[in-house]
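Engineer: I have a structure here, written as structure tokens, and I will follow up with some questions on it.
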Amino acid sequence: MSLIVQKYGGSSVATPEKIKKIAEKIKKTVESGEKVCVVVSAMGKTTDELIALAKKVSDSPKPRELDMLLSTGEQVTAALLSIALNELGVPSVSFNAFQLEMTTTSDFNNARIIDINAERLLDEFQTNDVIVVTGFQGITSLKDITTLGRGGSDTSAVAIAAKLNTKCEIYSDVAGVFACDPKVIPSAKKHEYITYEELMELASMGAKVVHSRAVEIAKKFKVELYCASTFSDEGGTFVVDSLPEWLEQPVVMGVTMDKNQRKFTISPMSGGQRAQVHLFEMLASNNINLDMISIVKDNGDTYLTFTVVEGASERVREVVEEVLSQYGEHRLIEDDEVAKVTAVGVGMESSPGVAARFFAALDKEGISLLGTSTSEIKISTLVPKYDAEKAVRVVAREFSLA
């Protein structure tokens with residue numbers, strides 16, 4: 001039995017008409033001899049609308065109940081697509097995470113997949129050509145519903161592909177992986193191939209092509225990954241371990257920005273290194289990921305700066321106050337008018353001078369650099385939010401990405 005996993009994002013399933021078109025596309029895949037496991041997101045902006053609905057009832061809804069609410073969006077899409085497929089004469093059945101036994105951790109709103117009952121899928125393929133699965137959601141060992149975080153349907157699809165030992169195709173409203181956001185730079189280059197490492201970095205730094213955890217799973221279990229447009233026959237992007245030998249390795253493969261950032265500065269910070277370690281431990285235990293950490297000492301005072309994604313701000317404030325109140329006086333300053341701009345490329349490892357070009361290009365255009373973090377294949381800098389798109393264009397021009 002030949003199997004393939006396909007994932008369709010929210011913009012692809014935004015209307016009943018689009019769902020019907022996807023059903024026709026899937027029918028052609030079935031007619032070519034494939035059995036298809038389709039993973040779907042909620043229709044259009046449904047998830048945002050459900051969050052807004054919850055906020056009308058409570059300013060801070062309990063995470064468990066929010067997951068209970070948000071999981072309904074994907075169930076609507078899955079049922080509608082299965083109905084459309086059966087209408088076309090394609091035997092199909094839909095499943096939610098509970099029925100598929102997609103077990104996760106109990107981290108509501110940001111759970112991680114533990115296991116999937118692949119036997120249920122394989123059994124259903126004996127009588128169905130297509131199985132439509134709700135993305136973005138799972139269940140705990142206690143049968144509570146969880147969600148995997150924004151973009152989690154990608155992770156659902158790749159995890160199922162890994163479990164079935166088959167390839168995975170990610171379909172969205174863009175025709176593959178571009179060197180930069182084509183909405184910012186319409187002439188951005190599209191990659192025919194990109195490595196798992198590069199795509200993982202781009203995704204984690206703000207690119208919205210594929211969920212970063214999905215790429216992580218694909219790399220770990222060697223899942224063949226392909227990203228393409230839902231309603232176009234234009235060729236997409238293959239995600240690979242390493243680029244083909246015949247393909248020249250660019251120094252920088254892509255540049256992206258993330259405006260969903262908030263900078264925290266503790267000025268000054270009492271308690272010395274002991275307080276710093278205590279604070280980092282408590283932030284970690286609250287599942288808060290820090291980025292661009294800077295510790296500066298001046299005239300006996302310590303100044304700590306770090307960034308987090310915007311949604312974690314309230315928890316950060318609570319943890320900082322809880323921890324630092326034990327060590328003396330401190331002042332917490334917040335700034336949400338910042339954005340992170342990141343350049344990524346495996347070629348950086350063997351090409352000296354990339355950082356110099358990156359920072360010099362931004363400085364030449366008068367863009368303020370508010371913080372920096374680097375790895376072997378990426379350079380990130382914090383810039384004023386109003387300069388974010390300009391910074392992307394500057395870096396793209398410097399490294400010929402468009």
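Chain lettering (A, B, ...) mirrors the order of the structure tokens, residue numbering begins at 1 for each chain separately, and ligand numbering begins at 1 in order of display.
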Give me the residues near Ile217 of chain A as a compact mmCIF listing (two decimals) with N, CA and C atoms, in the first residue's frame, where near means some atom within 12 Å (using only C-alpha atoms) and where sequence neighbours in that chain fewer than 6 positions away do not count.

Structural biologist:
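Wrote part_14.txt, looks like this:
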# COMPACT_ATOMS: atom_id res chain seq x y z
N ARG A 112 3.27 18.79 23.33
CA ARG A 112 4.16 18.08 22.41
C ARG A 112 3.67 16.65 22.24
N ILE A 113 3.78 16.14 21.03
CA ILE A 113 3.27 14.81 20.70
C ILE A 113 4.16 13.73 21.32
N ILE A 114 3.52 12.75 21.93
CA ILE A 114 4.23 11.62 22.52
C ILE A 114 4.09 10.39 21.64
N ASP A 154 1.17 21.59 11.09
CA ASP A 154 2.36 21.08 10.40
C ASP A 154 3.01 19.96 11.21
N THR A 155 3.11 20.20 12.51
CA THR A 155 3.72 19.19 13.39
C THR A 155 2.90 17.92 13.41
N SER A 156 1.57 18.05 13.45
CA SER A 156 0.70 16.87 13.40
C SER A 156 0.97 16.06 12.14
N ALA A 157 1.05 16.74 11.00
CA ALA A 157 1.24 16.06 9.72
C ALA A 157 2.58 15.33 9.65
N VAL A 158 3.64 16.02 10.04
CA VAL A 158 4.97 15.40 9.96
C VAL A 158 5.08 14.24 10.95
N ALA A 159 4.48 14.38 12.13
CA ALA A 159 4.51 13.29 13.11
C ALA A 159 3.80 12.05 12.58
N ILE A 160 2.67 12.24 11.91
CA ILE A 160 1.95 11.11 11.32
C ILE A 160 2.78 10.48 10.21
N ALA A 161 3.42 11.32 9.38
CA ALA A 161 4.28 10.80 8.31
C ALA A 161 5.44 10.00 8.88
N ALA A 162 6.01 10.48 9.99
CA ALA A 162 7.11 9.75 10.63
C ALA A 162 6.62 8.40 11.15
N LYS A 163 5.43 8.39 11.73
CA LYS A 163 4.87 7.15 12.28
C LYS A 163 4.55 6.15 11.17
N CYS A 168 5.82 13.62 3.39
CA CYS A 168 4.81 14.59 3.80
C CYS A 168 4.88 15.82 2.90
N TYR A 196 17.19 20.94 6.24
CA TYR A 196 16.37 20.91 7.45
C TYR A 196 16.85 21.99 8.43
N GLU A 197 18.18 22.08 8.61
CA GLU A 197 18.73 23.03 9.59
C GLU A 197 18.34 24.46 9.26
N MET A 200 14.62 25.03 9.75
CA MET A 200 14.28 25.03 11.18
C MET A 200 14.62 26.38 11.80
N VAL A 210 6.67 26.78 7.60
CA VAL A 210 6.46 25.51 8.29
C VAL A 210 6.77 25.70 9.77
N HIS A 211 5.99 25.05 10.62
CA HIS A 211 6.23 25.09 12.06
C HIS A 211 7.61 24.50 12.37
N VAL A 223 11.97 12.31 7.48
CA VAL A 223 10.73 12.41 6.70
C VAL A 223 11.00 13.29 5.47
N GLU A 224 10.67 12.78 4.30
CA GLU A 224 10.78 13.58 3.08
C GLU A 224 9.72 14.68 3.13
N LEU A 225 10.18 15.92 3.05
CA LEU A 225 9.29 17.06 3.22
C LEU A 225 9.27 17.89 1.94

Engineer: Could you make a table, as a Markdown table, of the residues of segment 231-343 of chain A that have an atom within 8 Å of an atom of segment 349-371 of chain A, each with its nearest atom pair and distance in Å to one decimal, counting only C-alpha atoms, in chain and number order?

Structural biologist:
| residue | atom | partner | partner_atom | distance |
| --- | --- | --- | --- | --- |
| A:Val251 | CA | A:Ser351 | CA | 6.8 |
| A:Met292 | CA | A:Gly371 | CA | 6.4 |
| A:Ser294 | CA | A:Gly371 | CA | 7.9 |

Engineer: Could you name the residues that touch segment 306-308 of chain A at 10 Å or less, counting only C-alpha atoms, but leaving out those on the same chain fewer than 4 positions away, as an MDAnalysis selection string?

Structural biologist: chainID A and resid 260:266 288:295 312:313 316 334:336 338:340 371 382

Engineer: Filtering to N, CA and C atoms, could you give me those residues as a PDB file, in the first residue's frame?

Structural biologist:
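Written out: result.pdb:
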ATOM      1  N   ASN A 260       6.733  39.824  16.783  1.00  0.00           N
ATOM      2  CA  ASN A 260       6.050  39.395  18.007  1.00  0.00           C
ATOM      3  C   ASN A 260       7.060  39.246  19.151  1.00  0.00           C
ATOM      4  N   GLN A 261       7.760  40.332  19.446  1.00  0.00           N
ATOM      5  CA  GLN A 261       8.831  40.315  20.433  1.00  0.00           C
ATOM      6  C   GLN A 261       8.599  41.368  21.509  1.00  0.00           C
ATOM      7  N   ARG A 262       9.065  41.073  22.710  1.00  0.00           N
ATOM      8  CA  ARG A 262       9.052  42.076  23.781  1.00  0.00           C
ATOM      9  C   ARG A 262      10.390  41.996  24.511  1.00  0.00           C
ATOM     10  N   LYS A 263      10.996  43.141  24.702  1.00  0.00           N
ATOM     11  CA  LYS A 263      12.288  43.197  25.389  1.00  0.00           C
ATOM     12  C   LYS A 263      12.081  43.582  26.853  1.00  0.00           C
ATOM     13  N   PHE A 264      12.713  42.830  27.752  1.00  0.00           N
ATOM     14  CA  PHE A 264      12.677  43.117  29.192  1.00  0.00           C
ATOM     15  C   PHE A 264      14.073  43.514  29.655  1.00  0.00           C
ATOM     16  N   THR A 265      14.152  44.577  30.422  1.00  0.00           N
ATOM     17  CA  THR A 265      15.423  44.994  31.009  1.00  0.00           C
ATOM     18  C   THR A 265      15.238  45.154  32.508  1.00  0.00           C
ATOM     19  N   ILE A 266      16.078  44.491  33.269  1.00  0.00           N
ATOM     20  CA  ILE A 266      16.057  44.623  34.728  1.00  0.00           C
ATOM     21  C   ILE A 266      17.229  45.523  35.096  1.00  0.00           C
ATOM     22  N   ILE A 288       8.990  29.337  29.616  1.00  0.00           N
ATOM     23  CA  ILE A 288       9.249  30.604  28.934  1.00  0.00           C
ATOM     24  C   ILE A 288      10.637  30.547  28.307  1.00  0.00           C
ATOM     25  N   ASN A 289      10.675  30.647  26.988  1.00  0.00           N
ATOM     26  CA  ASN A 289      11.937  30.616  26.271  1.00  0.00           C
ATOM     27  C   ASN A 289      12.502  32.027  26.148  1.00  0.00           C
ATOM     28  N   LEU A 290      13.749  32.193  26.546  1.00  0.00           N
ATOM     29  CA  LEU A 290      14.407  33.494  26.455  1.00  0.00           C
ATOM     30  C   LEU A 290      15.281  33.555  25.209  1.00  0.00           C
ATOM     31  N   ASP A 291      15.446  34.761  24.691  1.00  0.00           N
ATOM     32  CA  ASP A 291      16.296  34.960  23.528  1.00  0.00           C
ATOM     33  C   ASP A 291      17.113  36.227  23.748  1.00  0.00           C
ATOM     34  N   MET A 292      18.229  36.337  23.066  1.00  0.00           N
ATOM     35  CA  MET A 292      19.066  37.545  23.105  1.00  0.00           C
ATOM     36  C   MET A 292      19.323  38.010  24.530  1.00  0.00           C
ATOM     37  N   ILE A 293      19.893  37.145  25.342  1.00  0.00           N
ATOM     38  CA  ILE A 293      20.200  37.473  26.737  1.00  0.00           C
ATOM     39  C   ILE A 293      21.481  38.300  26.792  1.00  0.00           C
ATOM     40  N   SER A 294      21.433  39.402  27.527  1.00  0.00           N
ATOM     41  CA  SER A 294      22.611  40.256  27.691  1.00  0.00           C
ATOM     42  C   SER A 294      22.758  40.618  29.163  1.00  0.00           C
ATOM     43  N   ILE A 295      23.961  40.412  29.702  1.00  0.00           N
ATOM     44  CA  ILE A 295      24.257  40.777  31.089  1.00  0.00           C
ATOM     45  C   ILE A 295      25.418  41.761  31.079  1.00  0.00           C
ATOM     46  N   ALA A 312       4.074  35.740  26.096  1.00  0.00           N
ATOM     47  CA  ALA A 312       4.553  35.273  27.400  1.00  0.00           C
ATOM     48  C   ALA A 312       4.754  36.413  28.398  1.00  0.00           C
ATOM     49  N   SER A 313       4.423  37.635  27.996  1.00  0.00           N
ATOM     50  CA  SER A 313       4.773  38.815  28.797  1.00  0.00           C
ATOM     51  C   SER A 313       4.229  38.770  30.219  1.00  0.00           C
ATOM     52  N   VAL A 316       6.098  36.395  32.385  1.00  0.00           N
ATOM     53  CA  VAL A 316       7.444  36.895  32.673  1.00  0.00           C
ATOM     54  C   VAL A 316       7.395  37.883  33.830  1.00  0.00           C
ATOM     55  N   GLU A 334       9.930  47.401  30.117  1.00  0.00           N
ATOM     56  CA  GLU A 334       9.459  46.608  28.991  1.00  0.00           C
ATOM     57  C   GLU A 334       9.399  47.449  27.718  1.00  0.00           C
ATOM     58  N   ASP A 335       9.674  46.805  26.590  1.00  0.00           N
ATOM     59  CA  ASP A 335       9.624  47.488  25.302  1.00  0.00           C
ATOM     60  C   ASP A 335       9.081  46.521  24.254  1.00  0.00           C
ATOM     61  N   ASP A 336       7.870  46.819  23.711  1.00  0.00           N
ATOM     62  CA  ASP A 336       7.303  45.960  22.684  1.00  0.00           C
ATOM     63  C   ASP A 336       7.421  46.575  21.288  1.00  0.00           C
ATOM     64  N   VAL A 338       9.886  46.546  19.318  1.00  0.00           N
ATOM     65  CA  VAL A 338      11.101  45.950  18.756  1.00  0.00           C
ATOM     66  C   VAL A 338      10.730  44.769  17.862  1.00  0.00           C
ATOM     67  N   ALA A 339      11.628  44.397  16.979  1.00  0.00           N
ATOM     68  CA  ALA A 339      11.448  43.233  16.109  1.00  0.00           C
ATOM     69  C   ALA A 339      12.796  42.549  15.933  1.00  0.00           C
ATOM     70  N   LYS A 340      12.759  41.260  15.669  1.00  0.00           N
ATOM     71  CA  LYS A 340      13.985  40.497  15.456  1.00  0.00           C
ATOM     72  C   LYS A 340      14.153  40.200  13.969  1.00  0.00           C
ATOM     73  N   GLY A 371      20.284  44.571  20.059  1.00  0.00           N
ATOM     74  CA  GLY A 371      20.631  43.303  20.701  1.00  0.00           C
ATOM     75  C   GLY A 371      21.000  42.291  19.642  1.00  0.00           C
ATOM     76  N   LEU A 382      18.149  42.656  17.098  1.00  0.00           N
ATOM     77  CA  LEU A 382      16.918  43.328  17.489  1.00  0.00           C
ATOM     78  C   LEU A 382      16.973  44.751  16.940  1.00  0.00           C
TER      79      LEU A 382
END

Engineer: Got a sec: who's within 8 Å of Leu243 of chain A, counting only C-alpha atoms, leaving out chain neighbours fewer than 3 positions off, as a list in words?

Structural biologist: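 Counting only the stated atoms, we get Tyr193, Ile194, Thr195, Val240, Leu247 and Gln249 of chain A.
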
Engineer: Please identify the alpha helix (DSSP H) residues within segment 182-383 of chain A (assignment by DSSP from backbone atoms) and present them as a ChimeraX atom specification.

Structural biologist: /A:196-204,212-221,272-285,313-324,354-364

Engineer: Sort by chain and increasing residue number a table of all residues of segment 192-251 of chain A within 12 Å of segment 23-36 of chain A, each with its closest pair of atoms and their distance in Å to one decimal, counting only C-alpha atoms, and write it as a Markdown table.

Structural biologist:
| residue | atom | partner | partner_atom | distance |
| --- | --- | --- | --- | --- |
| A:Ser229 | CA | A:Lys25 | CA | 11.8 |
| A:Thr230 | CA | A:Lys25 | CA | 8.8 |
| A:Phe231 | CA | A:Lys25 | CA | 8.7 |
| A:Ser232 | CA | A:Lys25 | CA | 10.5 |
| A:Asp233 | CA | A:Lys25 | CA | 10.7 |

Engineer: Please dump the current selection as a compact mmCIF listing (two decimals), in the first residue's frame; keep C-alpha atoms.

Structural biologist:
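Below you can see result36.txt, which holds the result:
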# COMPACT_ATOMS: atom_id res chain seq x y z
CA SER A 229 1.09 25.98 -3.17
CA THR A 230 -2.38 24.52 -2.72
CA PHE A 231 -3.98 25.92 -5.85
CA SER A 232 -1.01 26.16 -8.24
CA ASP A 233 0.98 23.59 -10.18

Engineer: Can you work out the spacing between atom CA of Ile377 of chain A and atom CA of Gly347 of chain A in Å, to one decimal?

Structural biologist: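 We find that atom CA of Ile377 of chain A and atom CA of Gly347 of chain A lie 7.3 Å from each other.
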
Engineer: List every residue of segment 270-387 of chain A that DSSP, applied to the backbone, labels as strand (DSSP E), and write the result as a ChimeraX atom specification.

Structural biologist: /A:291-298,301-309,330-335,338-344,371-375,378-384

Engineer: Do you know which residues are at most 8 Å from Gly206 of chain A counting only C-alpha atoms, after dropping those on the same chain fewer than 5 positions away, and could you put them as number ranges by chain?

Structural biologist: A: 256-258

Engineer: Take the residues that were just selected and, keeping N, CA and C atoms, output them as an mmCIF file, in the first residue's frame.

Structural biologist:
data_model
loop_
_atom_site.group_PDB
_atom_site.id
_atom_site.type_symbol
_atom_site.label_atom_id
_atom_site.label_comp_id
_atom_site.auth_asym_id
_atom_site.auth_seq_id
_atom_site.Cartn_x
_atom_site.Cartn_y
_atom_site.Cartn_z
ATOM 1 N N THR A 256 14.536 36.666 7.678
ATOM 2 C CA THR A 256 13.162 36.743 8.157
ATOM 3 C C THR A 256 13.071 37.726 9.317
ATOM 4 N N MET A 257 11.841 38.086 9.660
ATOM 5 C CA MET A 257 11.652 38.993 10.794
ATOM 6 C C MET A 257 10.530 38.472 11.686
ATOM 7 N N ASP A 258 10.597 38.840 12.940
ATOM 8 C CA ASP A 258 9.578 38.474 13.912
ATOM 9 C C ASP A 258 9.233 39.720 14.724
#

Engineer: For Leu66 of chain A, find every residue with an atom within 12 Å (counting only C-alpha atoms), except residues of its own chain fewer than 3 positions away, and show them as JSON, numbers by chain.

Structural biologist: {"A": [47, 48, 50, 51, 52, 53, 54, 55, 57, 58, 59, 60, 61, 62, 63, 69, 70, 71, 72, 73, 108, 109, 110, 137, 144, 145, 146, 147, 149]}
